[in-house]
Amino acid sequence: MFAYIIRRVLYAIPILIGVNLITFVLFFVVNSPDDMARLHLGVKHVTQEAIQKWKVERGYDKPLIINPSGPGLEKFTGTIFYEKSVALFAFKFGRADDGRDIGLDISQRMWPSLAIALPTFLIGMLVNITFAMLMAFFRATYIDVWGVVLCVVLMSVSGLFYIIGGQYLISKLWHLVPISGYDLGANAFKFILLPVVIGVISGIGAGGRWYRTIFLEEIGKDYVRTARAKGLSELRVLFGHVLKNGMIPILTGAVAVFPLLFMGSLILESFFGIPGLGSYTIDAINSQDFAIVRAMVFLGSVLYIVGLILTDISYTIVDPRVRLA
Amino acid sequence: MPFKPVMLWTDALIFVLLAVVLIFIYRARSREHLRAPWREVARSRTGMVTLVILLTYVFIGLLDSLHFRLPLSNTSNQPVEVQYSIEVLSLLDIIVTPLRTQDEKTYSAPFATQLYVKETIERPDGGQERVYPRLKYGGAHLKNPQQEQTGDIIAISVKAILEGLLAWLILAGAIIASLVRCKNSSFKAMFNKVRHGATELPWRAILVTAGIIVLFIALAAELSVKYHVLGTDKVGQDVFYQAIKSIRTGLVIGTLTTLVMLPFAVLLGIMAGYFRGWVDDVVQYLYTTLSSIPGVLLIAAAILMLQVYIANHPEQFDTVALRADVRLLFLCIILGITSWTGLCRLLRGETLKLREMDYIQAATAFGVGHFKIIARHILPNVMHIVLITIVLDFSGLVLAEAVLSYVGVGVDPSTLSWGNMINSARMEMARDPMVWWPLLAAFVFMFALVLSANLFSDTVRDAFDPRLRKL
């Protein structure tokens with residue numbers, strides 16, 4: 001198992017190098033730092049000195065890949081590629097356009113993101129499994145049919161409408177919780193409640209239907225017939241056997257959500273004014289702060305790969321037949 | 001020439017896609033193994049009802065894809081070379097000219113005859129008063145709106161319903177008549193069969209759906225000339241016009257994205273599975289790397305870079321429509337890049353399985369070349385996966401457009417799209433009293449399209465998935 005994890009971490013390195021190269025090409029080769037400076041300073045009426053000053057302030061005034069004028073190793077380290085892209089591997093994200101340290105911002109902003117995303121993920125999974133189990137228990141009856149119809153209808157509504165509708169009904173009409181904002185400590189509860197509820201509801205459609213398919217596939221298998229033949233109650237069969245065996249595909253799907261736990265849900269956070277990583281990214285996109293977007297792309301990829309490894313490890317926990325070697 | 005045709009990039013690709021679909025239909029007609037699953041789709045009531053709705057959307061989208069520039073009217077009498085307007089219009093724009101041109105000053109509610117905000121006007125005696133001014137176009141034909149409005153709307157609606165019914169009767173009659181000719185039965189017998197839903201294809205459901213759509217179109221056509229049926233937005237533009245213009249944007253994103261990604265996904269996926277070895281390693285590395293970047297962030301990064309490029313090279317984009325179109329196309333491409341990995345992985349797995357099959361081994365033993373094996377033996381056998389993926393992805397892409405436009409990395413702000421409508425309406429939520437109609441319009445149009453697409457894709461999947469196929 002240990003050897004397996006080491007190998008997976010080593011496999012991750014070429015992938016991260018690839019991600020790094022893609023972001024480098026996107027941010028520095030497709031458009032030169034001069035282009036970016038011109039966009040920030042206003043396209044017209046911009047002097048060469050102003051561009052130069054902008055570049056020096058942000059450290060974009062160096063050559064892209066090779067610095068022929070530098071002594072010794074500086075031929076390679078005194079470049080944009082080394083300072084901006086390679087430095088990401090050491091989680092040195094540099095400074096944002098307003099001069100704040102991106103690394104520090106991220107470490108502070110990941111907690112509100114987690115506070116929203118973790119409950120949404122766990123409660124959402126619980127609700128989806130319960131709903132899917134209900135449909136599987138009453139399979140081929142009207143409850144099942146209408147459950148699926150409800151799922152398809154819920155799936156067809158854009159996530160934006162859940163948020164807008166929820167904010168309007170619960171906050172504006174009924175005044176139950178504040179529309180948006182955030183607070184520290186226990187006070188955060190009333191701000192977290194609505195985003196979590198909406199996050200869970202907007203996931204029921206796709207999640208419930210997908211889990212139902214998984215459970216129905218398992219129900220058709222031989223071991224379920226054996227369990228029934230032993231005289232186990234239907235509930236025991238569903239929760240004791242079917243759920244356990246359905247965990248592998250469920251966990252596989254969960255990994256896709258893992259980066260979002262830290263990165264936060266972009267939309268939810270920005271609608272509810274939560275100072276997490278999601279709203280951080282959206283603000284960066286809107287103010288065209290390339291340093292932050294670059295840092296978030298890299299961080300997202302790292303989290304995705306960590307998520308993949310964690311999924312594999314979790315397989316061994318839910319299914320003793322899986323051995324990682 | 002009375003107009004100058006304009007072929008935008010997305011228009012060209014839409015017509016390529018249309019041609020591909022038509023060729024596919026033509027080929028499938030004569031091949032029984034391709035026809036069988038489609039026949040199952042055609043027999044399903046949900047499948048056909050949703051198909052009618054989808055075709056209505058597609059038809060509007062196609063009308064909106066025929067672009068041209070009208071000539072400017074020649075003010076001097078000398079015969080000079082005709083100048084064309086800078087504004088790019090589509091056939092749909094011409095059909096709904098009243099909707100496009102009848103702009104009010106600012107917000108007005110659906111069917112309103114007055115603006116939604118008060119304005120200060122001068123009274124004849126010199127004093128001032130704050131009133132809701134009358135609209136320039138909405139209900140402008142009424143002398144006394146309070147009393148006449150309801151009656152007027154009912155009168156127009158009745159007229160529209162009668163017209164709609166007439167159109168529907170002609171349509172239904174024509175369909176039944178052609179069925180009579182096909183099946184060689186009498187008109188009365190066929191009519192009864194359709195009425196009792198006893199035909200092989202669910203004609204009754206199709207005709208009922210078509211009837212509802214025709215009625216809606218008739219009502220909208222009659223009412224929207226005299227009123228703003230879905231109100232107007234902040235700058236006074238008709239919301240109904242925005243909603244129907246958004247159809248093309250949604251369809252383009254849902255279909256062209258797949259068209260753009262398809263060649264890469266199919267080619268790389270099959271090559272990885274067929275050749276294995278280093279080809280497989282390279283392809284797997286490619287898609288793992290791409291899929292490990294969170295989609296929204298990759299799209300955001302790419303669109304930001306495109307913005308920088310457009311801002312610095314204004315000379316390459318001479319009209320607003322062209323710039324918006326390039327951005328739409330680029331959004332499709334980048335969405336395609338983020339979403340091809342799933343299909344590629346599926347195809348690789350399926351090809352790995354197929355290449356061990358006896359008939360492939362036999363072909364190899366006979367000395368058939370690699371590319372011939374791929375084209376003749378593997379490609380046709382993975383097409384069902386491709387088709388299922390295309391239809392399943394469609395609704396997700398339409399929904400993604402709304403979210404991306406909200407984040408600010410979606411379509412160009414000048415392109416009418418449901419995402420942009422929701423985005424601008426979000427600010428109006430905080431107004432009191434609330435401006436709710438742009439949201440409602442975007443919701444209804446999007447929901448109808450996505451729900452139909454979801455239901456239709458389920459039918460297609462059930463018909464094509466070999467694991468579910470009933471013999």
# chains A, B, ... in the order shown; residues from 1 in each chain; ligands from 1

$ closest_atom_pairs --of "chain B" --to "chain A" --cutoff "9 Å" --atoms "only C-alpha atoms" --output "JSON lines"
{"residue": "B:Tyr285", "atom": "CA", "partner": "A:Ile15", "partner_atom": "CA", "distance": 7.1}
{"residue": "B:Leu286", "atom": "CA", "partner": "A:Gly18", "partner_atom": "CA", "distance": 8.4}
{"residue": "B:Thr288", "atom": "CA", "partner": "A:Ile15", "partner_atom": "CA", "distance": 7.2}
{"residue": "B:Thr289", "atom": "CA", "partner": "A:Ile15", "partner_atom": "CA", "distance": 5.2}
{"residue": "B:Leu290", "atom": "CA", "partner": "A:Val19", "partner_atom": "CA", "distance": 7.3}
{"residue": "B:Ser291", "atom": "CA", "partner": "A:Ser301", "partner_atom": "CA", "distance": 8.5}
{"residue": "B:Ser292", "atom": "CA", "partner": "A:Ser301", "partner_atom": "CA", "distance": 4.9}
{"residue": "B:Ile293", "atom": "CA", "partner": "A:Ser301", "partner_atom": "CA", "distance": 4.8}
{"residue": "B:Pro294", "atom": "CA", "partner": "A:Gly300", "partner_atom": "CA", "distance": 6.0}
{"residue": "B:Val296", "atom": "CA", "partner": "A:Leu266", "partner_atom": "CA", "distance": 8.9}
{"residue": "B:Leu297", "atom": "CA", "partner": "A:Val297", "partner_atom": "CA", "distance": 5.9}
{"residue": "B:Leu298", "atom": "CA", "partner": "A:Val297", "partner_atom": "CA", "distance": 7.0}
{"residue": "B:Ala300", "atom": "CA", "partner": "A:Ile285", "partner_atom": "CA", "distance": 6.9}
{"residue": "B:Ala301", "atom": "CA", "partner": "A:Val293", "partner_atom": "CA", "distance": 6.8}
{"residue": "B:Ala302", "atom": "CA", "partner": "A:Leu26", "partner_atom": "CA", "distance": 6.8}
{"residue": "B:Leu304", "atom": "CA", "partner": "A:Gln288", "partner_atom": "CA", "distance": 7.1}
{"residue": "B:Met305", "atom": "CA", "partner": "A:Asn31", "partner_atom": "CA", "distance": 6.8}
{"residue": "B:Leu306", "atom": "CA", "partner": "A:Asn31", "partner_atom": "CA", "distance": 8.7}
{"residue": "B:Gln307", "atom": "CA", "partner": "A:Leu39", "partner_atom": "CA", "distance": 9.0}
{"residue": "B:Val308", "atom": "CA", "partner": "A:Leu39", "partner_atom": "CA", "distance": 6.4}
{"residue": "B:Tyr309", "atom": "CA", "partner": "A:Asn31", "partner_atom": "CA", "distance": 6.7}
{"residue": "B:Ala311", "atom": "CA", "partner": "A:Leu39", "partner_atom": "CA", "distance": 7.0}
{"residue": "B:Asn312", "atom": "CA", "partner": "A:Asp35", "partner_atom": "CA", "distance": 6.7}
{"residue": "B:Ser395", "atom": "CA", "partner": "A:Ser156", "partner_atom": "CA", "distance": 7.8}
{"residue": "B:Gly396", "atom": "CA", "partner": "A:Ser156", "partner_atom": "CA", "distance": 8.8}
{"residue": "B:Leu399", "atom": "CA", "partner": "A:Ser158", "partner_atom": "CA", "distance": 5.7}
{"residue": "B:Ala400", "atom": "CA", "partner": "A:Ser158", "partner_atom": "CA", "distance": 8.4}
{"residue": "B:Ala402", "atom": "CA", "partner": "A:Ser158", "partner_atom": "CA", "distance": 7.6}
{"residue": "B:Val403", "atom": "CA", "partner": "A:Leu160", "partner_atom": "CA", "distance": 7.0}
{"residue": "B:Tyr406", "atom": "CA", "partner": "A:Ile267", "partner_atom": "CA", "distance": 8.1}
{"residue": "B:Val407", "atom": "CA", "partner": "A:Ile282", "partner_atom": "CA", "distance": 6.2}
{"residue": "B:Gly408", "atom": "CA", "partner": "A:Asn286", "partner_atom": "CA", "distance": 6.6}
{"residue": "B:Val409", "atom": "CA", "partner": "A:Ile285", "partner_atom": "CA", "distance": 8.0}
{"residue": "B:Ile422", "atom": "CA", "partner": "A:Leu160", "partner_atom": "CA", "distance": 8.1}
{"residue": "B:Arg426", "atom": "CA", "partner": "A:Ile164", "partner_atom": "CA", "distance": 7.8}
{"residue": "B:Met429", "atom": "CA", "partner": "A:Tyr168", "partner_atom": "CA", "distance": 8.0}
{"residue": "B:Leu439", "atom": "CA", "partner": "A:Phe161", "partner_atom": "CA", "distance": 8.5}
{"residue": "B:Phe443", "atom": "CA", "partner": "A:Phe161", "partner_atom": "CA", "distance": 7.6}
{"residue": "B:Met446", "atom": "CA", "partner": "A:Val157", "partner_atom": "CA", "distance": 7.9}
{"residue": "B:Phe447", "atom": "CA", "partner": "A:Val157", "partner_atom": "CA", "distance": 5.9}
{"residue": "B:Ala448", "atom": "CA", "partner": "A:Ser156", "partner_atom": "CA", "distance": 8.3}
{"residue": "B:Leu449", "atom": "CA", "partner": "A:Ser156", "partner_atom": "CA", "distance": 8.6}
{"residue": "B:Val450", "atom": "CA", "partner": "A:Ser156", "partner_atom": "CA", "distance": 5.4}
{"residue": "B:Leu451", "atom": "CA", "partner": "A:Ser156", "partner_atom": "CA", "distance": 5.1}
{"residue": "B:Ser452", "atom": "CA", "partner": "A:Ser156", "partner_atom": "CA", "distance": 8.8}
{"residue": "B:Ala453", "atom": "CA", "partner": "A:Ser156", "partner_atom": "CA", "distance": 8.9}
{"residue": "B:Asn454", "atom": "CA", "partner": "A:Val152", "partner_atom": "CA", "distance": 7.1}
{"residue": "B:Leu455", "atom": "CA", "partner": "A:Val152", "partner_atom": "CA", "distance": 7.6}

$ residues_around --residues "B:Gly173" --least-positions-apart "4" --cutoff "12 Å" --atoms "only C-alpha atoms" --output "CSV table (one decimal) with N, CA and C atoms, in the first residue's frame"
chain,number,residue,atom,x,y,z
B,165,LEU,N,-55.8,27.1,-34.6
B,165,LEU,CA,-56.5,25.9,-34.8
B,165,LEU,C,-56.6,25.5,-36.3
B,166,LEU,N,-56.9,26.6,-37.1
B,166,LEU,CA,-57.0,26.4,-38.5
B,166,LEU,C,-55.7,25.8,-39.0
B,167,ALA,N,-54.6,26.5,-38.6
B,167,ALA,CA,-53.3,26.0,-39.1
B,167,ALA,C,-53.0,24.6,-38.7
B,168,TRP,N,-53.4,24.3,-37.4
B,168,TRP,CA,-53.2,22.9,-36.9
B,168,TRP,C,-54.1,21.9,-37.7
B,169,LEU,N,-55.3,22.3,-38.0
B,169,LEU,CA,-56.2,21.4,-38.7
B,169,LEU,C,-55.6,21.0,-40.1
B,177,ALA,N,-53.6,12.6,-44.3
B,177,ALA,CA,-53.7,12.3,-45.8
B,177,ALA,C,-52.5,11.5,-46.3
B,178,SER,N,-51.3,12.0,-45.8
B,178,SER,CA,-50.1,11.3,-46.3
B,178,SER,C,-50.0,9.9,-45.7
B,179,LEU,N,-50.5,9.7,-44.5
B,179,LEU,CA,-50.5,8.4,-43.9
B,179,LEU,C,-51.4,7.5,-44.7
B,180,VAL,N,-52.6,8.1,-45.1
B,180,VAL,CA,-53.5,7.3,-45.9
B,180,VAL,C,-52.9,6.8,-47.2
B,187,PHE,N,-59.5,7.4,-45.5
B,187,PHE,CA,-59.2,8.6,-44.6
B,187,PHE,C,-59.9,8.4,-43.2
B,188,LYS,N,-61.1,7.9,-43.3
B,188,LYS,CA,-61.9,7.8,-42.0
B,188,LYS,C,-61.3,6.7,-41.1
B,190,MET,N,-58.2,5.8,-41.1
B,190,MET,CA,-56.9,6.3,-40.6
B,190,MET,C,-57.1,7.3,-39.5
B,191,PHE,N,-58.2,8.2,-39.7
B,191,PHE,CA,-58.5,9.2,-38.7
B,191,PHE,C,-58.8,8.6,-37.3
B,194,VAL,N,-55.7,7.2,-35.7
B,194,VAL,CA,-54.9,8.2,-35.0
B,194,VAL,C,-55.6,8.7,-33.8
B,207,LEU,N,-49.3,14.9,-32.9
B,207,LEU,CA,-50.2,16.0,-33.3
B,207,LEU,C,-50.6,16.9,-32.2

$ closest_residue --among "A:Thr120, A:Ser113, A:Ser233, A:Ser69" --to "A:Leu194" --atoms "only C-alpha atoms"
A:Thr120

$ select_by_dssp --residues "stretch 11-100 of chain B" --states "helix (DSSP H, G or I)" --output "NGL selection string"
:B and (11-29 or 32-43 or 45-63 or 91-95 or 97-100)

$ residues_around --residues "B:Lys118" --least-positions-apart "5" --cutoff "6 Å" --atoms "only C-alpha atoms" --output "VMD selection string"
chain B and resid 130 to 132

$ residues_around --residues "B:Asp280" --least-positions-apart "5" --cutoff "10 Å" --atoms "only C-alpha atoms" --output "PyMOL selection string"
chain B and resi 268-275+285-286+348

$ write_last_selection --atoms "N, CA and C atoms" --output "CSV table (one decimal), in the first residue's frame"
chain,number,residue,atom,x,y,z
B,268,LEU,N,-8.3,9.8,-31.2
B,268,LEU,CA,-7.4,9.4,-30.1
B,268,LEU,C,-7.8,8.2,-29.3
B,269,GLY,N,-9.1,8.2,-29.0
B,269,GLY,CA,-9.6,7.1,-28.2
B,269,GLY,C,-9.4,5.8,-28.9
B,270,ILE,N,-9.8,5.7,-30.2
B,270,ILE,CA,-9.7,4.4,-30.9
B,270,ILE,C,-8.2,4.1,-31.1
B,271,MET,N,-7.4,5.1,-31.4
B,271,MET,CA,-5.9,4.8,-31.6
B,271,MET,C,-5.3,4.2,-30.3
B,272,ALA,N,-5.7,4.9,-29.2
B,272,ALA,CA,-5.1,4.4,-27.9
B,272,ALA,C,-5.5,3.0,-27.7
B,273,GLY,N,-6.7,2.6,-27.9
B,273,GLY,CA,-7.2,1.3,-27.6
B,273,GLY,C,-6.7,0.3,-28.6
B,274,TYR,N,-6.5,0.7,-29.9
B,274,TYR,CA,-6.1,-0.2,-30.9
B,274,TYR,C,-4.6,-0.5,-30.9
B,275,PHE,N,-3.8,0.6,-30.9
B,275,PHE,CA,-2.4,0.4,-31.0
B,275,PHE,C,-1.7,0.1,-29.7
B,285,TYR,N,-1.9,10.1,-21.1
B,285,TYR,CA,-1.3,11.2,-20.4
B,285,TYR,C,-2.0,12.5,-20.8
B,286,LEU,N,-2.3,12.7,-22.1
B,286,LEU,CA,-3.0,13.9,-22.6
B,286,LEU,C,-4.3,14.1,-21.8
B,348,ARG,N,-11.7,4.3,-25.7
B,348,ARG,CA,-10.4,3.5,-25.6
B,348,ARG,C,-10.8,2.2,-24.9

$ atom_distance --atom1 "atom CA of B:Arg248" --atom2 "atom CA of B:Leu322"
15.3 Å

$ closest_residue --among "A:Ala87, A:Leu10, A:Ile106, A:Val148" --to "A:Leu277" --atoms "only C-alpha atoms"
A:Ile106

$ residues_around --residues "B:Gly342" --least-positions-apart "6" --cutoff "9 Å" --atoms "only C-alpha atoms" --output "list in words"
Ala265, Tyr287, Ser291 and Thr389 of chain B

$ atom_distance --atom1 "atom CA of A:Ile65" --atom2 "atom CA of A:Asp105"
28.4 Å

$ residues_around --residues "A:Phe239" --least-positions-apart "2" --cutoff "12 Å" --atoms "only C-alpha atoms" --output "NGL selection string"
:A and (129-130 or 132-134 or 136-137 or 215 or 218-219 or 224 or 227 or 232-237 or 241-247)

$ residues_around --residues "A:Gly273" --least-positions-apart "2" --cutoff "9 Å" --atoms "only C-alpha atoms" --output "MDAnalysis selection string"
chainID A and resid 179:182 268:271 275:276 279

$ atom_distance --atom1 "atom CA of B:Leu343" --atom2 "atom CA of B:Val386"
7.3 Å

$ closest_residue --among "B:Leu201, B:Ile299, B:Tyr241, B:His33" --to "B:Thr338" --atoms "only C-alpha atoms"
B:Ile299

$ decode --residues "stretch 3-22 of chain B" --atoms "N, CA and C atoms" --output "mmCIF file, in the first residue's frame"
data_model
loop_
_atom_site.group_PDB
_atom_site.id
_atom_site.type_symbol
_atom_site.label_atom_id
_atom_site.label_comp_id
_atom_site.auth_asym_id
_atom_site.auth_seq_id
_atom_site.Cartn_x
_atom_site.Cartn_y
_atom_site.Cartn_z
ATOM 1 N N PHE B 3 -29.648 42.383 -50.586
ATOM 2 C CA PHE B 3 -28.966 42.234 -49.299
ATOM 3 C C PHE B 3 -27.621 41.568 -49.545
ATOM 4 N N LYS B 4 -26.759 41.629 -48.528
ATOM 5 C CA LYS B 4 -25.432 41.047 -48.669
ATOM 6 C C LYS B 4 -25.306 39.913 -47.665
ATOM 7 N N PRO B 5 -25.220 38.668 -48.137
ATOM 8 C CA PRO B 5 -25.172 37.554 -47.188
ATOM 9 C C PRO B 5 -23.904 37.605 -46.331
ATOM 10 N N VAL B 6 -24.054 37.253 -45.083
ATOM 11 C CA VAL B 6 -22.910 37.197 -44.174
ATOM 12 C C VAL B 6 -22.839 35.780 -43.624
ATOM 13 N N MET B 7 -21.690 35.149 -43.780
ATOM 14 C CA MET B 7 -21.542 33.797 -43.233
ATOM 15 C C MET B 7 -20.626 33.873 -42.020
ATOM 16 N N LEU B 8 -21.243 33.808 -40.837
ATOM 17 C CA LEU B 8 -20.424 33.800 -39.631
ATOM 18 C C LEU B 8 -19.821 32.402 -39.466
ATOM 19 N N TRP B 9 -18.764 32.324 -38.659
ATOM 20 C CA TRP B 9 -18.109 31.026 -38.455
ATOM 21 C C TRP B 9 -19.075 29.982 -37.932
ATOM 22 N N THR B 10 -19.859 30.381 -36.918
ATOM 23 C CA THR B 10 -20.764 29.389 -36.334
ATOM 24 C C THR B 10 -21.852 28.990 -37.327
ATOM 25 N N ASP B 11 -22.288 29.953 -38.179
ATOM 26 C CA ASP B 11 -23.279 29.601 -39.205
ATOM 27 C C ASP B 11 -22.741 28.478 -40.074
ATOM 28 N N ALA B 12 -21.501 28.682 -40.564
ATOM 29 C CA ALA B 12 -20.909 27.691 -41.457
ATOM 30 C C ALA B 12 -20.883 26.324 -40.784
ATOM 31 N N LEU B 13 -20.453 26.297 -39.514
ATOM 32 C CA LEU B 13 -20.366 25.016 -38.824
ATOM 33 C C LEU B 13 -21.740 24.399 -38.603
ATOM 34 N N ILE B 14 -22.739 25.266 -38.338
ATOM 35 C CA ILE B 14 -24.097 24.734 -38.161
ATOM 36 C C ILE B 14 -24.549 24.032 -39.433
ATOM 37 N N PHE B 15 -24.265 24.659 -40.595
ATOM 38 C CA PHE B 15 -24.721 24.037 -41.838
ATOM 39 C C PHE B 15 -23.918 22.778 -42.148
ATOM 40 N N VAL B 16 -22.632 22.761 -41.764
ATOM 41 C CA VAL B 16 -21.866 21.517 -41.901
ATOM 42 C C VAL B 16 -22.525 20.421 -41.070
ATOM 43 N N LEU B 17 -22.874 20.781 -39.830
ATOM 44 C CA LEU B 17 -23.499 19.806 -38.936
ATOM 45 C C LEU B 17 -24.819 19.306 -39.526
ATOM 46 N N LEU B 18 -25.606 20.249 -40.063
ATOM 47 C CA LEU B 18 -26.882 19.885 -40.671
ATOM 48 C C LEU B 18 -26.657 18.906 -41.815
ATOM 49 N N ALA B 19 -25.631 19.189 -42.641
ATOM 50 C CA ALA B 19 -25.334 18.305 -43.765
ATOM 51 C C ALA B 19 -24.953 16.914 -43.262
ATOM 52 N N VAL B 20 -24.124 16.878 -42.211
ATOM 53 C CA VAL B 20 -23.707 15.580 -41.664
ATOM 54 C C VAL B 20 -24.931 14.792 -41.207
ATOM 55 N N VAL B 21 -25.841 15.472 -40.495
ATOM 56 C CA VAL B 21 -27.037 14.784 -39.999
ATOM 57 C C VAL B 21 -27.867 14.262 -41.170
ATOM 58 N N LEU B 22 -28.031 15.096 -42.214
ATOM 59 C CA LEU B 22 -28.845 14.670 -43.357
ATOM 60 C C LEU B 22 -28.212 13.465 -44.058
#
